[in-house]
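Chemist: Data: data-v3.json, JSON, C-alpha atoms.
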```json
[["chain", "number", "residue", "atom", "x", "y", "z"],
["A", 1, "MET", "CA", 30.51, 41.80, 12.44],
["A", 2, "HIS", "CA", 30.68, 41.92, 16.26],
["A", 3, "LYS", "CA", 29.63, 45.57, 16.30],
["A", 4, "ARG", "CA", 26.60, 44.80, 14.14],
["A", 5, "VAL", "CA", 25.65, 41.92, 16.43],
["A", 6, "ALA", "CA", 26.04, 44.14, 19.49],
["A", 7, "ALA", "CA", 23.96, 46.86, 17.84],
["A", 8, "GLY", "CA", 21.18, 44.39, 17.10],
["A", 9, "LEU", "CA", 21.58, 44.64, 13.33],
["A", 10, "LEU", "CA", 22.64, 41.01, 12.96],
["A", 11, "HIS", "CA", 21.23, 38.07, 14.90],
["A", 12, "ARG", "CA", 23.16, 34.80, 14.95],
["A", 13, "ARG", "CA", 21.15, 31.80, 13.80],
["A", 14, "PHE", "CA", 23.92, 29.29, 13.15],
["A", 15, "ARG", "CA", 27.70, 29.43, 13.44],
["A", 16, "ALA", "CA", 28.11, 31.10, 10.05],
["A", 17, "SER", "CA", 24.70, 32.60, 9.27],
["A", 18, "TYR", "CA", 22.83, 35.59, 10.66],
["A", 19, "ALA", "CA", 19.37, 37.10, 10.36],
["A", 20, "VAL", "CA", 19.39, 40.77, 9.38],
["A", 21, "GLY", "CA", 17.38, 43.28, 11.38],
["A", 22, "HIS", "CA", 15.32, 40.89, 13.47],
["A", 23, "PRO", "CA", 15.94, 37.55, 15.24],
["A", 24, "ARG", "CA", 12.88, 35.65, 14.06],
["A", 25, "LEU", "CA", 12.98, 33.79, 10.75],
["A", 26, "SER", "CA", 10.22, 32.10, 8.79],
["A", 27, "GLN", "CA", 10.44, 28.35, 8.27],
["A", 28, "ARG", "CA", 11.98, 28.93, 4.83],
["A", 29, "GLY", "CA", 14.38, 31.44, 6.36],
["A", 30, "GLU", "CA", 15.50, 28.79, 8.85],
["A", 31, "TRP", "CA", 16.12, 26.31, 6.04],
["A", 32, "MET", "CA", 18.11, 28.84, 4.02],
["A", 33, "ALA", "CA", 20.16, 29.82, 7.06],
["A", 34, "GLY", "CA", 21.04, 26.18, 7.66],
["A", 35, "VAL", "CA", 22.18, 25.61, 4.08],
["A", 36, "LEU", "CA", 24.25, 28.83, 4.04],
["A", 37, "ALA", "CA", 25.86, 27.92, 7.36],
["A", 38, "VAL", "CA", 27.32, 24.70, 5.98],
["A", 39, "SER", "CA", 28.88, 25.31, 2.57],
["A", 40, "PRO", "CA", 28.31, 26.59, -0.97],
["A", 41, "ASP", "CA", 28.06, 22.90, -1.86],
["A", 42, "ALA", "CA", 25.16, 22.13, 0.45],
["A", 43, "TRP", "CA", 21.49, 21.34, -0.08],
["A", 44, "LEU", "CA", 18.42, 21.01, 2.09],
["A", 45, "THR", "CA", 17.55, 17.35, 2.57],
["A", 46, "GLY", "CA", 15.57, 14.90, 4.69],
["A", 47, "LEU", "CA", 12.18, 15.78, 6.14],
["A", 48, "SER", "CA", 13.09, 19.47, 5.89],
["A", 49, "ALA", "CA", 13.26, 19.12, 2.10],
["A", 50, "ALA", "CA", 10.17, 16.90, 2.03],
["A", 51, "THR", "CA", 8.26, 19.61, 3.88],
["A", 52, "LEU", "CA", 9.54, 22.26, 1.46],
["A", 53, "TYR", "CA", 8.33, 20.14, -1.47],
["A", 54, "GLY", "CA", 4.94, 19.78, 0.23],
["A", 55, "VAL", "CA", 5.10, 15.97, 0.36],
["A", 56, "TRP", "CA", 5.47, 15.50, 4.14],
["A", 57, "ARG", "CA", 2.33, 16.30, 6.13],
["A", 58, "ARG", "CA", 3.30, 14.94, 9.51],
["A", 59, "ARG", "CA", 5.40, 16.59, 12.22],
["A", 60, "VAL", "CA", 8.00, 18.99, 10.81],
["A", 61, "PRO", "CA", 11.49, 18.33, 12.25],
["A", 62, "GLU", "CA", 12.77, 20.92, 14.70],
["A", 63, "HIS", "CA", 16.24, 20.83, 13.17],
["A", 64, "VAL", "CA", 17.35, 21.83, 9.66],
["A", 65, "GLU", "CA", 18.72, 18.89, 7.65],
["A", 66, "VAL", "CA", 21.51, 19.61, 5.18],
["A", 67, "LEU", "CA", 23.45, 17.38, 2.77],
["A", 68, "THR", "CA", 26.93, 18.47, 1.66],
["A", 69, "THR", "CA", 29.96, 17.22, -0.25],
["A", 70, "SER", "CA", 32.20, 19.61, 1.68],
["A", 71, "GLN", "CA", 34.14, 19.07, 4.90],
["A", 72, "ARG", "CA", 33.17, 22.58, 5.95],
["A", 73, "GLY", "CA", 30.27, 23.28, 8.27],
["A", 74, "GLN", "CA", 29.52, 21.38, 11.45],
["A", 75, "ALA", "CA", 26.37, 20.14, 13.07],
["A", 76, "GLU", "CA", 25.11, 22.27, 15.96],
["A", 77, "PRO", "CA", 21.88, 22.66, 17.90],
["A", 78, "GLY", "CA", 19.07, 22.95, 15.36],
["A", 79, "LEU", "CA", 21.27, 21.89, 12.43],
["A", 80, "ARG", "CA", 21.96, 18.35, 11.26],
["A", 81, "VAL", "CA", 24.63, 17.78, 8.60],
["A", 82, "THR", "CA", 25.04, 14.68, 6.42],
["A", 83, "ARG", "CA", 28.13, 14.31, 4.25],
["A", 84, "THR", "CA", 28.42, 12.46, 0.97],
["A", 85, "ARG", "CA", 31.28, 12.05, -1.47],
["A", 86, "HIS", "CA", 29.35, 12.95, -4.59],
["A", 87, "VAL", "CA", 26.04, 14.48, -5.67],
["A", 88, "ASP", "CA", 25.13, 14.18, -9.33],
["A", 89, "PRO", "CA", 24.22, 17.53, -10.94],
["A", 90, "ALA", "CA", 20.89, 15.95, -11.90],
["A", 91, "ASP", "CA", 20.13, 15.39, -8.22],
["A", 92, "VAL", "CA", 19.93, 19.01, -7.06],
["A", 93, "ALA", "CA", 17.38, 21.79, -7.53],
["A", 94, "ILE", "CA", 16.38, 25.26, -6.37],
["A", 95, "VAL", "CA", 12.98, 25.63, -4.70],
["A", 96, "ASP", "CA", 11.88, 29.05, -3.44],
["A", 97, "ALA", "CA", 15.51, 30.19, -3.85],
["A", 98, "ILE", "CA", 16.70, 27.41, -1.49],
["A", 99, "PRO", "CA", 19.26, 24.84, -2.74],
["A", 100, "VAL", "CA", 17.65, 21.45, -2.19],
["A", 101, "VAL", "CA", 18.26, 17.87, -3.27],
["A", 102, "GLY", "CA", 16.13, 16.88, -6.27],
["A", 103, "PHE", "CA", 12.99, 14.91, -5.54],
["A", 104, "ALA", "CA", 14.32, 11.60, -6.88],
["A", 105, "ARG", "CA", 17.52, 11.90, -4.80],
["A", 106, "LEU", "CA", 15.42, 12.94, -1.81],
["A", 107, "LEU", "CA", 13.66, 9.57, -1.93],
["A", 108, "LEU", "CA", 17.02, 7.85, -1.41],
["A", 109, "GLU", "CA", 17.92, 10.20, 1.47],
["A", 110, "LEU", "CA", 14.55, 9.57, 3.13],
["A", 111, "ALA", "CA", 15.03, 5.81, 2.80],
["A", 112, "ALA", "CA", 17.53, 6.12, 5.66],
["A", 113, "ILE", "CA", 14.93, 7.47, 8.10],
["A", 114, "LEU", "CA", 11.50, 6.32, 6.90],
["A", 115, "THR", "CA", 9.85, 2.94, 6.53],
["A", 116, "ALA", "CA", 9.04, 1.73, 3.04],
["A", 117, "ARG", "CA", 5.34, 2.46, 3.64],
["A", 118, "GLN", "CA", 6.06, 6.01, 4.82],
["A", 119, "LEU", "CA", 8.30, 6.52, 1.80],
["A", 120, "ALA", "CA", 5.57, 5.16, -0.49],
["A", 121, "ASN", "CA", 3.34, 7.93, 0.84],
["A", 122, "VAL", "CA", 6.00, 10.52, -0.04],
["A", 123, "ILE", "CA", 6.05, 9.08, -3.57],
["A", 124, "HIS", "CA", 2.25, 9.25, -3.67],
["A", 125, "GLU", "CA", 2.29, 12.91, -2.62],
["A", 126, "GLY", "CA", 5.10, 13.62, -5.08],
["A", 127, "GLU", "CA", 3.08, 12.15, -7.91],
["A", 128, "TYR", "CA", 0.13, 14.37, -6.96],
["A", 129, "HIS", "CA", 2.39, 17.44, -7.08],
["A", 130, "ARG", "CA", 3.94, 16.22, -10.36],
["A", 131, "LEU", "CA", 7.35, 15.83, -8.77],
["A", 132, "PHE", "CA", 7.70, 12.07, -9.08],
["A", 133, "ASP", "CA", 9.41, 10.71, -12.19],
["A", 134, "PRO", "CA", 9.70, 6.89, -12.07],
["A", 135, "GLU", "CA", 12.65, 6.84, -14.46],
["A", 136, "ALA", "CA", 14.52, 9.49, -12.44],
["A", 137, "ALA", "CA", 13.92, 7.44, -9.29],
["A", 138, "ARG", "CA", 15.23, 4.30, -10.99],
["A", 139, "ALA", "CA", 18.28, 6.24, -12.21],
["A", 140, "VAL", "CA", 19.02, 7.34, -8.64],
["A", 141, "ALA", "CA", 18.66, 3.73, -7.50],
["A", 142, "ARG", "CA", 21.13, 2.56, -10.16],
["A", 143, "ARG", "CA", 23.67, 5.20, -9.13],
["A", 144, "ALA", "CA", 23.19, 4.22, -5.47],
["A", 145, "CYS", "CA", 24.12, 0.57, -6.00],
["A", 146, "GLY", "CA", 25.55, -0.61, -2.68],
["A", 147, "ASN", "CA", 23.71, 1.95, -0.55],
["A", 148, "ARG", "CA", 22.56, 0.12, 2.59],
["A", 149, "HIS", "CA", 19.14, 1.81, 2.51],
["A", 150, "LEU", "CA", 18.46, 1.12, -1.18],
["A", 151, "HIS", "CA", 16.17, -1.81, -0.34],
["A", 152, "VAL", "CA", 13.77, 0.59, 1.41],
["A", 153, "LEU", "CA", 13.51, 2.75, -1.71],
["A", 154, "CYS", "CA", 12.99, -0.29, -3.94],
["A", 155, "ALA", "CA", 10.26, -1.62, -1.63],
["A", 156, "ALA", "CA", 8.52, 1.77, -1.62],
["A", 157, "LEU", "CA", 8.63, 1.95, -5.42],
["A", 158, "ALA", "CA", 7.17, -1.56, -5.64],
["A", 159, "MET", "CA", 4.34, -0.58, -3.25],
["A", 160, "HIS", "CA", 3.58, 2.47, -5.37],
["A", 161, "GLU", "CA", 3.43, 0.34, -8.52],
["A", 162, "ARG", "CA", 0.93, -1.97, -6.77],
["A", 163, "GLY", "CA", -1.36, 0.99, -6.12],
["A", 164, "SER", "CA", -0.45, 1.68, -2.49],
["A", 165, "ALA", "CA", -0.32, 5.27, -1.28],
["A", 166, "GLY", "CA", 1.70, 4.22, 1.78],
["A", 167, "THR", "CA", 0.75, 5.14, 5.34],
["A", 168, "PHE", "CA", -0.79, 8.50, 6.12],
["A", 169, "SER", "CA", -0.45, 8.49, 9.91],
["A", 170, "TYR", "CA", 1.54, 7.14, 12.84],
["A", 171, "ARG", "CA", -1.62, 5.22, 13.88],
["A", 172, "GLU", "CA", -1.44, 3.23, 10.66],
["A", 173, "ASP", "CA", 2.31, 2.72, 11.17],
["A", 174, "GLU", "CA", 1.63, 1.33, 14.65],
["A", 175, "LEU", "CA", -0.91, -1.18, 13.40],
["A", 176, "PHE", "CA", 1.46, -2.36, 10.66],
["A", 177, "ARG", "CA", 4.15, -2.92, 13.31],
["A", 178, "ARG", "CA", 1.73, -4.93, 15.42],
["A", 179, "LEU", "CA", 0.61, -7.04, 12.47],
["A", 180, "ALA", "CA", 4.23, -7.77, 11.52],
["A", 181, "ALA", "CA", 5.07, -8.71, 15.13],
["A", 182, "ALA", "CA", 2.15, -11.14, 15.10],
["A", 183, "ARG", "CA", 3.41, -12.57, 11.76],
["A", 184, "LEU", "CA", 0.13, -11.81, 10.02],
["A", 185, "PRO", "CA", -0.13, -11.19, 6.27],
["A", 186, "GLU", "CA", 0.98, -7.69, 5.27],
["A", 187, "PRO", "CA", -1.87, -5.60, 3.86],
["A", 188, "LEU", "CA", -1.54, -3.01, 1.12],
["A", 189, "ALA", "CA", -1.63, 0.47, 2.63],
["A", 190, "ASN", "CA", -4.19, 3.00, 1.40],
["A", 191, "VAL", "CA", -5.27, 1.52, -1.89],
["A", 192, "THR", "CA", -8.23, 2.60, -4.02],
["A", 193, "LEU", "CA", -10.93, 0.02, -4.67],
["A", 194, "THR", "CA", -13.52, 0.49, -7.39],
["A", 195, "ILE", "CA", -16.91, -1.00, -6.55],
["A", 196, "ASP", "CA", -19.88, -0.49, -8.89],
["A", 197, "GLY", "CA", -18.05, 2.39, -10.54],
["A", 198, "ARG", "CA", -17.37, 4.13, -7.22],
["A", 199, "ARG", "CA", -13.78, 4.65, -6.06],
["A", 200, "SER", "CA", -12.91, 4.36, -2.37],
["A", 201, "MET", "CA", -9.52, 4.55, -0.68],
["A", 202, "VAL", "CA", -9.24, 2.11, 2.22],
["A", 203, "ASP", "CA", -6.63, 2.18, 4.98],
["A", 204, "MET", "CA", -5.45, -1.41, 4.56],
["A", 205, "TYR", "CA", -6.45, -4.20, 2.20],
["A", 206, "LEU", "CA", -5.70, -7.92, 2.09],
["A", 207, "PRO", "CA", -6.84, -8.84, -1.45],
["A", 208, "ASP", "CA", -6.31, -12.59, -0.98],
["A", 209, "HIS", "CA", -8.63, -12.52, 2.03],
["A", 210, "ARG", "CA", -11.07, -9.89, 0.73],
["A", 211, "LEU", "CA", -10.51, -7.98, 3.96],
["A", 212, "VAL", "CA", -10.38, -4.22, 4.55],
["A", 213, "ILE", "CA", -8.95, -2.88, 7.82],
["A", 214, "GLU", "CA", -9.74, 0.68, 8.89],
["A", 215, "VAL", "CA", -8.07, 2.70, 11.64],
["A", 216, "ASP", "CA", -10.59, 5.28, 12.85],
["A", 217, "GLY", "CA", -9.22, 8.45, 14.40],
["A", 218, "PRO", "CA", -11.27, 11.08, 16.28],
["A", 219, "GLY", "CA", -12.63, 12.50, 13.02],
["A", 220, "HIS", "CA", -14.67, 9.35, 12.49],
["A", 221, "GLU", "CA", -16.88, 10.29, 15.45],
["A", 222, "ARG", "CA", -18.55, 13.03, 13.41],
["A", 223, "THR", "CA", -22.12, 12.25, 12.39],
["A", 224, "ARG", "CA", -21.50, 12.84, 8.69],
["A", 225, "THR", "CA", -18.34, 10.72, 8.69],
["A", 226, "LYS", "CA", -20.13, 7.89, 10.48],
["A", 227, "ARG", "CA", -22.83, 7.97, 7.83],
["A", 228, "GLU", "CA", -20.27, 7.94, 5.01],
["A", 229, "ASP", "CA", -18.33, 5.08, 6.65],
["A", 230, "LYS", "CA", -21.52, 3.04, 7.03],
["A", 231, "GLU", "CA", -22.47, 3.57, 3.38],
["A", 232, "ARG", "CA", -19.00, 2.61, 2.15],
["A", 233, "ASP", "CA", -18.92, -0.48, 4.39],
["A", 234, "ARG", "CA", -22.31, -1.52, 2.95],
["A", 235, "LEU", "CA", -20.97, -1.10, -0.59],
["A", 236, "LEU", "CA", -17.86, -3.18, 0.16],
["A", 237, "LYS", "CA", -19.87, -5.88, 1.90],
["A", 238, "GLY", "CA", -22.08, -6.12, -1.17],
["A", 239, "ALA", "CA", -18.94, -6.88, -3.20],
["A", 240, "GLY", "CA", -17.93, -9.65, -0.80],
["A", 241, "ILE", "CA", -15.32, -7.61, 1.06],
["A", 242, "HIS", "CA", -15.38, -7.67, 4.86],
["A", 243, "VAL", "CA", -14.55, -4.44, 6.72],
["A", 244, "GLU", "CA", -13.03, -4.48, 10.20],
["A", 245, "ARG", "CA", -12.70, -1.15, 12.02],
["A", 246, "PHE", "CA", -10.48, -0.30, 14.98],
["A", 247, "THR", "CA", -10.32, 2.82, 17.11],
["A", 248, "ILE", "CA", -6.97, 4.03, 18.43],
["A", 249, "ALA", "CA", -7.72, 2.47, 21.83],
["A", 250, "GLU", "CA", -8.40, -0.90, 20.17],
["A", 251, "LEU", "CA", -5.09, -1.13, 18.26],
["A", 252, "PRO", "CA", -3.32, -3.32, 20.88],
["A", 253, "ASP", "CA", -6.01, -6.00, 20.47],
["A", 254, "ALA", "CA", -6.24, -5.68, 16.67],
["A", 255, "PRO", "CA", -3.73, -8.44, 15.71],
["A", 256, "ASP", "CA", -5.55, -11.08, 17.76],
["A", 257, "LYS", "CA", -8.92, -10.07, 16.34],
["A", 258, "ILE", "CA", -7.58, -10.04, 12.77],
["A", 259, "ALA", "CA", -5.91, -13.44, 13.25],
["A", 260, "THR", "CA", -9.21, -14.91, 14.48],
["A", 261, "LEU", "CA", -11.09, -13.32, 11.60],
["A", 262, "LEU", "CA", -8.65, -14.67, 9.00],
["A", 263, "ALA", "CA", -8.90, -18.14, 10.49],
["A", 264, "ARG", "CA", -12.70, -18.05, 10.33],
["A", 265, "ARG", "CA", -12.72, -16.82, 6.74],
["A", 266, "ALA", "CA", -10.24, -19.54, 5.75],
["A", 267, "VAL", "CA", -12.52, -22.21, 7.23],
["A", 268, "ARG", "CA", -15.54, -20.81, 5.36],
["A", 269, "ALA", "CA", -13.59, -20.73, 2.09],
["A", 270, "ALA", "CA", -12.45, -24.35, 2.50]]
```
Please re-express this file's structure in structure tokens.
Modeler:
Amino acid sequence: MHKRVAAGLLHRRFRASYAVGHPRLSQRGEWMAGVLAVSPDAWLTGLSAATLYGVWRRRVPEHVEVLTTSQRGQAEPGLRVTRTRHVDPADVAIVDAIPVVGFARLLLELAAILTARQLANVIHEGEYHRLFDPEAARAVARRACGNRHLHVLCAALAMHERGSAGTFSYREDELFRRLAAARLPEPLANVTLTIDGRRSMVDMYLPDHRLVIEVDGPGHERTRTKREDKERDRLLKGAGIHVERFTIAELPDAPDKIATLLARRAVRAA
């Protein structure tokens, strides 16, 4: 082993895994190396697994996340290890030759690190990729009775059933945090409204107040996008739904503006 390392034939990636022939691995190679470094009873998990499944479109974690039932294998730079006493055979899979936790079990693992709205977006993406099975998710929840993060999974499942696709960006997450801190009503995240036969997904919706809240990133400065936003806002207004838009720079002031708007609409409705 040492001679092969010295000769440049093997390149150490983790304590018990090596790349053959060259030091640089693809993303999937990194994930496989992390799983092999831990134990034969180990599976890719967390955001690493979510990225492998194609259901996490935000920043990819720099470390490899691995779940194991073994006492072998230790965390080290670039490798995070989570231990569990038992993994049901129904909760594991092989994706691109990499051992990985099954999608339903992954939802429970992600409940420890994501908000319910972020997890609802993972469910939304999983449904698009035909990975999400509601009954399998409920079965995982039943087996996880007593898990301290189970309430996050249950909340995410409830959001999905109400038509929410969860949050797509950290900008939306930030506004939700600000609204909660201001004790304002919690909107549904990314729901599809059908107006005059036309379907439109809106960032946030308060159905009881007939209010849509949009968080406009840099892409909304494009001429075509501005035109499309204006047309959709006109359509919603015609259906009695008010649209309030905020740029990223305006997010700190958004709760106060929304609170004032809700108060005015309540007075008009009285």
Chemist: With a distance cut-off of 9 Å and only C-alpha atoms, select the neighbouring residues of A:Leu150, excluding the residue or stretch itself and same-chain residues fewer than 3 positions from it, and output the selection as an NGL selection string.
Modeler: :A and (108 or 111-112 or 141 or 144-147 or 153-155)
Chemist: Have a look at atom CA of A:Glu161 and atom CA of A:Arg142 and let me know their distance in Å, one decimal.
Modeler: 17.9 Å
Chemist: Got a sec: who's within 6 Å of stretch 117-133 of chain A, counting all atoms listed in the file, leaving out chain neighbours fewer than 2 positions off, as a PDB file with C-alpha atoms, in the frame of the given file?
Modeler:
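The resulting file, around_36.pdb, is shown below:
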```pdb
ATOM      1  CA  VAL A  55       5.100  15.970   0.360  1.00  0.00           C
ATOM      2  CA  LEU A 114      11.500   6.320   6.900  1.00  0.00           C
ATOM      3  CA  THR A 115       9.850   2.940   6.530  1.00  0.00           C
ATOM      4  CA  GLU A 135      12.650   6.840 -14.460  1.00  0.00           C
ATOM      5  CA  ALA A 136      14.520   9.490 -12.440  1.00  0.00           C
ATOM      6  CA  ALA A 156       8.520   1.770  -1.620  1.00  0.00           C
ATOM      7  CA  HIS A 160       3.580   2.470  -5.370  1.00  0.00           C
ATOM      8  CA  ALA A 165      -0.320   5.270  -1.280  1.00  0.00           C
ATOM      9  CA  GLY A 166       1.700   4.220   1.780  1.00  0.00           C
ATOM     10  CA  THR A 167       0.750   5.140   5.340  1.00  0.00           C
TER      11      THR A 167
END
```
Chemist: Show which residues sit within 6 Å of A:Thr68, as a PDB file with C-alpha atoms, in the coordinates of the input. Count all atoms listed in the file, and ignore same-chain residues fewer than 4 positions away.
Modeler:
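Done, and the output landed in around09.pdb:
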```pdb
ATOM      1  CA  ASP A  41      28.060  22.900  -1.860  1.00  0.00           C
ATOM      2  CA  ALA A  42      25.160  22.130   0.450  1.00  0.00           C
ATOM      3  CA  ARG A  83      28.130  14.310   4.250  1.00  0.00           C
TER       4      ARG A  83
END
```
Chemist: Name the closest residue to A:Val92 among the candidates A:Leu106, A:Ala249, A:Val66, A:Ala116; distances are taken between atoms, counting all atoms listed in the file.
Modeler: A:Leu106
Chemist: Distance atom CA of A:His63-atom CA of A:Pro89, one decimal place?
Modeler: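 Atom CA of A:Pro89 lies 25.6 Å from atom CA of A:His63.
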Chemist: Please write a file for stretch 191-232 of chain A, taken from the block I just shared, that holds C-alpha atoms and is laid out as an mmCIF file, in the first residue's frame.
Modeler:
```cif
data_model
loop_
_atom_site.group_PDB
_atom_site.id
_atom_site.type_symbol
_atom_site.label_atom_id
_atom_site.label_comp_id
_atom_site.auth_asym_id
_atom_site.auth_seq_id
_atom_site.Cartn_x
_atom_site.Cartn_y
_atom_site.Cartn_z
ATOM 1 C CA VAL A 191 -48.357 27.409 -4.393
ATOM 2 C CA THR A 192 -50.040 27.267 -7.794
ATOM 3 C CA LEU A 193 -53.098 29.453 -8.303
ATOM 4 C CA THR A 194 -55.471 28.925 -11.203
ATOM 5 C CA ILE A 195 -57.035 32.126 -12.517
ATOM 6 C CA ASP A 196 -59.251 32.066 -15.613
ATOM 7 C CA GLY A 197 -57.827 28.682 -16.540
ATOM 8 C CA ARG A 198 -54.225 29.893 -16.264
ATOM 9 C CA ARG A 199 -51.906 28.353 -13.674
ATOM 10 C CA SER A 200 -49.343 30.513 -11.883
ATOM 11 C CA MET A 201 -46.957 29.594 -9.086
ATOM 12 C CA VAL A 202 -46.549 32.414 -6.572
ATOM 13 C CA ASP A 203 -43.782 32.744 -3.987
ATOM 14 C CA MET A 204 -46.061 33.172 -0.970
ATOM 15 C CA TYR A 205 -49.823 33.242 -0.552
ATOM 16 C CA LEU A 206 -52.120 34.189 2.307
ATOM 17 C CA PRO A 207 -55.475 32.774 1.127
ATOM 18 C CA ASP A 208 -57.476 34.276 4.004
ATOM 19 C CA HIS A 209 -56.202 37.729 3.074
ATOM 20 C CA ARG A 210 -56.134 37.237 -0.714
ATOM 21 C CA LEU A 211 -52.526 38.390 -0.665
ATOM 22 C CA VAL A 212 -49.584 37.230 -2.782
ATOM 23 C CA ILE A 213 -46.036 38.120 -1.720
ATOM 24 C CA GLU A 214 -43.219 37.926 -4.268
ATOM 25 C CA VAL A 215 -39.473 38.039 -3.603
ATOM 26 C CA ASP A 216 -37.800 39.364 -6.747
ATOM 27 C CA GLY A 217 -34.198 38.367 -7.342
ATOM 28 C CA PRO A 218 -31.879 39.849 -10.001
ATOM 29 C CA GLY A 219 -33.564 37.828 -12.754
ATOM 30 C CA HIS A 220 -36.697 39.926 -12.387
ATOM 31 C CA GLU A 221 -34.836 42.939 -13.805
ATOM 32 C CA ARG A 222 -34.931 41.429 -17.294
ATOM 33 C CA THR A 223 -37.334 43.165 -19.674
ATOM 34 C CA ARG A 224 -39.202 39.977 -20.580
ATOM 35 C CA THR A 225 -39.550 38.934 -16.934
ATOM 36 C CA LYS A 226 -40.838 42.372 -15.976
ATOM 37 C CA ARG A 227 -43.460 42.112 -18.691
ATOM 38 C CA GLU A 228 -44.507 38.633 -17.554
ATOM 39 C CA ASP A 229 -44.666 39.752 -13.901
ATOM 40 C CA LYS A 230 -46.838 42.730 -14.832
ATOM 41 C CA GLU A 231 -49.237 40.548 -16.826
ATOM 42 C CA ARG A 232 -49.528 37.995 -14.016
#
```
